[in-house]
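Colleague: Next comes the structure file entry21.pdb, holding PDB, C-alpha atoms.
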ATOM      1  CA  MET A 295       0.000   0.000   0.000  1.00  0.00           C
ATOM      2  CA  SER A 296       1.486   3.388  -0.958  1.00  0.00           C
ATOM      3  CA  GLY A 297       1.974   6.131   1.643  1.00  0.00           C
ATOM      4  CA  GLY A 298      -0.868   8.205   0.212  1.00  0.00           C
ATOM      5  CA  LEU A 299      -3.278   5.289   0.204  1.00  0.00           C
ATOM      6  CA  ARG A 300      -2.244   4.290   3.717  1.00  0.00           C
ATOM      7  CA  ARG A 301      -2.813   7.853   4.991  1.00  0.00           C
ATOM      8  CA  GLY A 302      -6.194   7.943   3.250  1.00  0.00           C
ATOM      9  CA  ALA A 303      -7.123   4.649   4.897  1.00  0.00           C
ATOM     10  CA  ILE A 304      -6.118   6.055   8.297  1.00  0.00           C
ATOM     11  CA  VAL A 305      -8.284   9.150   7.805  1.00  0.00           C
ATOM     12  CA  ALA A 306     -11.242   7.032   6.615  1.00  0.00           C
ATOM     13  CA  MET A 307     -10.843   4.789   9.663  1.00  0.00           C
ATOM     14  CA  LEU A 308     -10.744   7.785  11.985  1.00  0.00           C
ATOM     15  CA  LEU A 309     -13.891   9.288  10.567  1.00  0.00           C
ATOM     16  CA  ALA A 310     -15.726   5.965  10.588  1.00  0.00           C
ATOM     17  CA  THR A 311     -14.899   5.048  14.191  1.00  0.00           C
ATOM     18  CA  MET A 312     -14.898   8.263  16.208  1.00  0.00           C
ATOM     19  CA  PRO A 313     -17.855   8.844  18.574  1.00  0.00           C
ATOM     20  CA  ALA A 314     -20.519  11.319  17.498  1.00  0.00           C
ATOM     21  CA  ALA A 315     -20.199  14.945  18.595  1.00  0.00           C
ATOM     22  CA  ALA A 316     -23.124  17.123  19.600  1.00  0.00           C
ATOM     23  CA  ASP A 317     -24.966  18.700  16.703  1.00  0.00           C
ATOM     24  CA  GLU A 318     -24.122  22.409  16.611  1.00  0.00           C
ATOM     25  CA  PRO A 319     -24.395  25.235  14.099  1.00  0.00           C
ATOM     26  CA  ARG A 320     -21.531  25.146  11.611  1.00  0.00           C
ATOM     27  CA  PRO A 321     -19.094  28.058  11.334  1.00  0.00           C
ATOM     28  CA  VAL A 322     -19.215  30.361   8.368  1.00  0.00           C
ATOM     29  CA  MET A 323     -15.964  29.781   6.517  1.00  0.00           C
ATOM     30  CA  ILE A 324     -13.952  32.804   5.494  1.00  0.00           C
ATOM     31  CA  GLY A 325     -11.284  33.280   2.884  1.00  0.00           C
ATOM     32  CA  GLY A 326      -7.606  33.508   3.656  1.00  0.00           C
ATOM     33  CA  ASP A 327      -5.689  31.344   6.055  1.00  0.00           C
ATOM     34  CA  ALA A 328      -7.577  31.980   9.310  1.00  0.00           C
ATOM     35  CA  ILE A 329     -10.924  32.016  11.081  1.00  0.00           C
ATOM     36  CA  ALA A 330     -10.468  35.076  13.254  1.00  0.00           C
ATOM     37  CA  ALA A 331     -13.534  34.818  15.485  1.00  0.00           C
ATOM     38  CA  SER A 332     -14.309  32.158  18.052  1.00  0.00           C
ATOM     39  CA  LEU A 333     -16.855  29.617  16.818  1.00  0.00           C
ATOM     40  CA  THR A 334     -18.742  29.977  20.094  1.00  0.00           C
ATOM     41  CA  GLY A 335     -18.242  33.663  20.805  1.00  0.00           C
ATOM     42  CA  ARG A 336     -16.132  32.880  23.869  1.00  0.00           C
ATOM     43  CA  PRO A 337     -12.632  31.559  24.535  1.00  0.00           C
ATOM     44  CA  GLY A 338     -11.981  27.883  25.011  1.00  0.00           C
ATOM     45  CA  ASP A 339     -10.462  26.155  28.014  1.00  0.00           C
ATOM     46  CA  ALA A 340      -6.818  25.150  27.502  1.00  0.00           C
ATOM     47  CA  ALA A 341      -6.946  22.290  30.052  1.00  0.00           C
ATOM     48  CA  ARG A 342      -9.927  20.709  28.279  1.00  0.00           C
ATOM     49  CA  GLY A 343      -8.152  21.283  24.963  1.00  0.00           C
ATOM     50  CA  ARG A 344      -5.040  19.466  26.135  1.00  0.00           C
ATOM     51  CA  ALA A 345      -7.200  16.545  27.245  1.00  0.00           C
ATOM     52  CA  ILE A 346      -8.847  16.378  23.793  1.00  0.00           C
ATOM     53  CA  VAL A 347      -5.488  16.511  21.991  1.00  0.00           C
ATOM     54  CA  ALA A 348      -4.026  13.736  24.153  1.00  0.00           C
ATOM     55  CA  ASP A 349      -7.170  11.555  24.089  1.00  0.00           C
ATOM     56  CA  ARG A 350      -6.683   8.637  21.704  1.00  0.00           C
ATOM     57  CA  GLN A 351     -10.442   8.056  21.514  1.00  0.00           C
ATOM     58  CA  ARG A 352     -11.623  11.646  21.004  1.00  0.00           C
ATOM     59  CA  GLY A 353      -9.150  13.963  19.295  1.00  0.00           C
ATOM     60  CA  LEU A 354      -6.746  11.336  18.010  1.00  0.00           C
ATOM     61  CA  CYS A 355      -4.216  14.108  17.389  1.00  0.00           C
ATOM     62  CA  LEU A 356      -1.281  12.037  18.615  1.00  0.00           C
ATOM     63  CA  LEU A 357      -1.955   9.401  15.997  1.00  0.00           C
ATOM     64  CA  CYS A 358      -0.290  11.741  13.472  1.00  0.00           C
ATOM     65  CA  HIS A 359       1.314  14.518  15.580  1.00  0.00           C
ATOM     66  CA  ALA A 360       3.968  14.480  18.292  1.00  0.00           C
ATOM     67  CA  GLY A 361       4.159  17.151  20.927  1.00  0.00           C
ATOM     68  CA  PRO A 362       5.046  18.099  24.487  1.00  0.00           C
ATOM     69  CA  PHE A 363       3.260  15.152  26.076  1.00  0.00           C
ATOM     70  CA  PRO A 364       5.958  13.228  27.966  1.00  0.00           C
ATOM     71  CA  GLU A 365       3.371  10.922  29.531  1.00  0.00           C
ATOM     72  CA  GLU A 366       2.035   9.808  26.134  1.00  0.00           C
ATOM     73  CA  ARG A 367       3.873   7.017  24.359  1.00  0.00           C
ATOM     74  CA  PHE A 368       3.778   6.300  20.651  1.00  0.00           C
ATOM     75  CA  GLN A 369       3.233   9.785  19.272  1.00  0.00           C
ATOM     76  CA  GLY A 370       2.845  10.201  15.527  1.00  0.00           C
ATOM     77  CA  ASN A 371       5.328  11.377  12.933  1.00  0.00           C
ATOM     78  CA  LEU A 372       3.070  11.849   9.880  1.00  0.00           C
ATOM     79  CA  ALA A 373       2.346  15.510  10.616  1.00  0.00           C
ATOM     80  CA  PRO A 374       4.198  18.500  12.092  1.00  0.00           C
ATOM     81  CA  SER A 375       4.956  18.475  15.804  1.00  0.00           C
ATOM     82  CA  LEU A 376       2.526  20.420  17.945  1.00  0.00           C
ATOM     83  CA  ALA A 377       5.439  21.749  20.016  1.00  0.00           C
ATOM     84  CA  GLY A 378       5.663  25.482  19.357  1.00  0.00           C
ATOM     85  CA  ALA A 379       2.363  25.591  17.414  1.00  0.00           C
ATOM     86  CA  GLY A 380       1.366  28.776  19.252  1.00  0.00           C
ATOM     87  CA  SER A 381       4.608  30.437  18.107  1.00  0.00           C
ATOM     88  CA  ARG A 382       4.233  29.405  14.464  1.00  0.00           C
ATOM     89  CA  LEU A 383       0.521  30.090  13.927  1.00  0.00           C
ATOM     90  CA  SER A 384      -2.006  32.637  15.132  1.00  0.00           C
ATOM     91  CA  GLU A 385      -5.156  31.663  17.019  1.00  0.00           C
ATOM     92  CA  GLY A 386      -7.205  32.131  13.840  1.00  0.00           C
ATOM     93  CA  GLN A 387      -4.781  30.057  11.761  1.00  0.00           C
ATOM     94  CA  LEU A 388      -4.913  27.240  14.302  1.00  0.00           C
ATOM     95  CA  ARG A 389      -8.729  27.416  14.332  1.00  0.00           C
ATOM     96  CA  LEU A 390      -8.940  27.071  10.532  1.00  0.00           C
ATOM     97  CA  ARG A 391      -6.566  24.115  10.516  1.00  0.00           C
ATOM     98  CA  ILE A 392      -8.715  22.291  13.063  1.00  0.00           C
ATOM     99  CA  VAL A 393     -12.022  23.179  11.433  1.00  0.00           C
ATOM    100  CA  ASP A 394     -10.868  22.301   7.901  1.00  0.00           C
ATOM    101  CA  SER A 395      -7.164  21.957   7.193  1.00  0.00           C
ATOM    102  CA  ALA A 396      -7.860  21.315   3.504  1.00  0.00           C
ATOM    103  CA  ARG A 397      -8.621  25.047   3.148  1.00  0.00           C
ATOM    104  CA  VAL A 398      -4.902  25.653   3.663  1.00  0.00           C
ATOM    105  CA  ASN A 399      -3.530  22.453   2.112  1.00  0.00           C
ATOM    106  CA  PRO A 400      -5.854  20.564  -0.249  1.00  0.00           C
ATOM    107  CA  ASP A 401      -3.532  17.516  -0.062  1.00  0.00           C
ATOM    108  CA  THR A 402      -3.601  17.251   3.737  1.00  0.00           C
ATOM    109  CA  ILE A 403      -4.338  13.941   5.416  1.00  0.00           C
ATOM    110  CA  MET A 404      -5.774  15.729   8.456  1.00  0.00           C
ATOM    111  CA  PRO A 405      -9.526  15.206   8.684  1.00  0.00           C
ATOM    112  CA  PRO A 406     -11.782  18.242   8.976  1.00  0.00           C
ATOM    113  CA  TYR A 407     -12.806  18.306  12.622  1.00  0.00           C
ATOM    114  CA  HIS A 408     -15.706  20.733  12.181  1.00  0.00           C
ATOM    115  CA  ARG A 409     -16.616  20.702   8.482  1.00  0.00           C
ATOM    116  CA  THR A 410     -19.347  18.340   7.334  1.00  0.00           C
ATOM    117  CA  GLU A 411     -20.157  19.360   3.767  1.00  0.00           C
ATOM    118  CA  GLY A 412     -18.502  17.978   0.644  1.00  0.00           C
ATOM    119  CA  LEU A 413     -16.861  14.970   2.299  1.00  0.00           C
ATOM    120  CA  SER A 414     -16.652  11.451   0.877  1.00  0.00           C
ATOM    121  CA  ALA A 415     -16.096   8.073   2.529  1.00  0.00           C
ATOM    122  CA  VAL A 416     -17.599   9.224   5.820  1.00  0.00           C
ATOM    123  CA  GLY A 417     -18.981   6.563   8.172  1.00  0.00           C
ATOM    124  CA  ALA A 418     -22.764   6.532   8.536  1.00  0.00           C
ATOM    125  CA  ALA A 419     -22.581   7.682  12.167  1.00  0.00           C
ATOM    126  CA  TRP A 420     -20.634  10.771  11.079  1.00  0.00           C
ATOM    127  CA  ARG A 421     -22.586  11.970   8.043  1.00  0.00           C
ATOM    128  CA  GLY A 422     -23.613  15.565   8.638  1.00  0.00           C
ATOM    129  CA  ARG A 423     -21.950  15.654  12.074  1.00  0.00           C
ATOM    130  CA  PRO A 424     -18.699  17.359  13.073  1.00  0.00           C
ATOM    131  CA  VAL A 425     -15.969  15.345  14.773  1.00  0.00           C
ATOM    132  CA  LEU A 426     -15.522  18.090  17.385  1.00  0.00           C
ATOM    133  CA  THR A 427     -18.171  20.505  18.609  1.00  0.00           C
ATOM    134  CA  ALA A 428     -17.548  24.230  18.252  1.00  0.00           C
ATOM    135  CA  GLY A 429     -16.730  24.378  21.966  1.00  0.00           C
ATOM    136  CA  GLU A 430     -14.237  21.530  21.666  1.00  0.00           C
ATOM    137  CA  VAL A 431     -12.565  23.256  18.710  1.00  0.00           C
ATOM    138  CA  GLU A 432     -12.189  26.371  20.851  1.00  0.00           C
ATOM    139  CA  ASP A 433     -10.757  24.303  23.719  1.00  0.00           C
ATOM    140  CA  VAL A 434      -8.136  22.770  21.404  1.00  0.00           C
ATOM    141  CA  VAL A 435      -7.271  26.200  19.985  1.00  0.00           C
ATOM    142  CA  ALA A 436      -6.938  27.598  23.516  1.00  0.00           C
ATOM    143  CA  PHE A 437      -4.460  24.836  24.333  1.00  0.00           C
ATOM    144  CA  LEU A 438      -2.451  25.031  21.099  1.00  0.00           C
ATOM    145  CA  VAL A 439      -1.871  28.796  21.437  1.00  0.00           C
ATOM    146  CA  THR A 440      -0.130  28.073  24.769  1.00  0.00           C
ATOM    147  CA  LEU A 441       2.491  25.930  23.027  1.00  0.00           C
ATOM    148  CA  LYS A 442       5.253  28.507  22.566  1.00  0.00           C
ATOM    149  CA  GLU A 443       8.875  27.763  21.762  1.00  0.00           C
TER     150      GLU A 443
END
Would you give me this structure, written as structure tokens?
Modeller:
Amino acid sequence: MSGGLRRGAIVAMLLATMPAAADEPRPVMIGGDAIAASLTGRPGDAARGRAIVADRQRGLCLLCHAGPFPEERFQGNLAPSLAGAGSRLSEGQLRLRIVDSARVNPDTIMPPYHRTEGLSAVGAAWRGRPVLTAGEVEDVVAFLVTLKE
């Protein structure tokens, strides 16, 4: 199996097996490389965001990313390290990458965590439902902006 096919299979597996998130209004996507405004109108909680990132059943971030999580074994190496993410990207840039990373890189293997339209090969339990709620996206963003080098 080629690397691209293997990555596609991983993404399909993730979307087919992750638990359903609460149904919430979807964000209005904007042009450029950022979503400047909070999806909920309020800041997220960095501690909850860290828990989502490290959770292998919910966020699954460490399947592909490594980061400053010394207690977590077997971190990924398919995607950039999360260490220093808050130094490299703005809050709005981080938000867009979580909501729909394909807006920045159409060839990304990262699943859209809050986009539901225009997707293919999505498990029945996930059709029309975001992987993360708007509040969970904001929690993850709040955590990632704390990761400074």
Colleague: Using only C-alpha atoms, determine which residues lie at most 9 Å from stretch 354-371 of chain A, disregarding the query and same-chain residues fewer than 5 positions distant; provide the list as a PyMOL selection string.
Modeller: chain A and resi 308+312+346-349+376-378+404+441
Colleague: In Å, rounded to a single decimal, give me how far atom CA of A:Gly422 is from atom CA of A:Arg409.
Modeller: 8.7 Å
Colleague: Env of A:Arg389: 9 Å cut, atoms = all atoms listed in the file, seq-sep filter 2 positions within chain, self excluded. Answer as a list in words.
Modeller: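 Returned residues: Ala328, Ile329, Ala330, Ala331, Ser332, Leu333, Ser384, Glu385, Gly386, Gln387, Arg391, Ile392, Val393, Asp394, Val431, Glu432, Val434 and Val435 of chain A.
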Colleague: Take atom CA of A:Glu411 and atom CA of A:Arg342 and report the distance between them in Å, one decimal.
Modeller: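 The value is 26.6 Å.
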Colleague: Could you give me the axis-aligned bounding box of stretch 397-405 of chain A, with 4 Å of padding per side, as centre plus edge lengths in Å to one decimal, as lines of an AutoDock Vina configuration file?
Modeller:
center_x = -6.5
center_y = 19.8
center_z = 4.2
size_x = 14.0
size_y = 19.7
size_z = 16.9
Colleague: Kindly indicate which residue among A:Pro400, A:Pro405, A:Gly380, A:Pro374 lies nearest to A:Pro424, using only C-alpha atoms for the distances.
Modeller: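 Between A:Pro400, A:Pro405, A:Gly380, A:Pro374, the residue approaching A:Pro424 most closely is A:Pro405.
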Colleague: Measuring between only C-alpha atoms, which one of A:Gln351, A:Ala345, A:Ser381, A:Leu372 shows the shortest distance to A:Lys442?
Modeller: A:Ser381
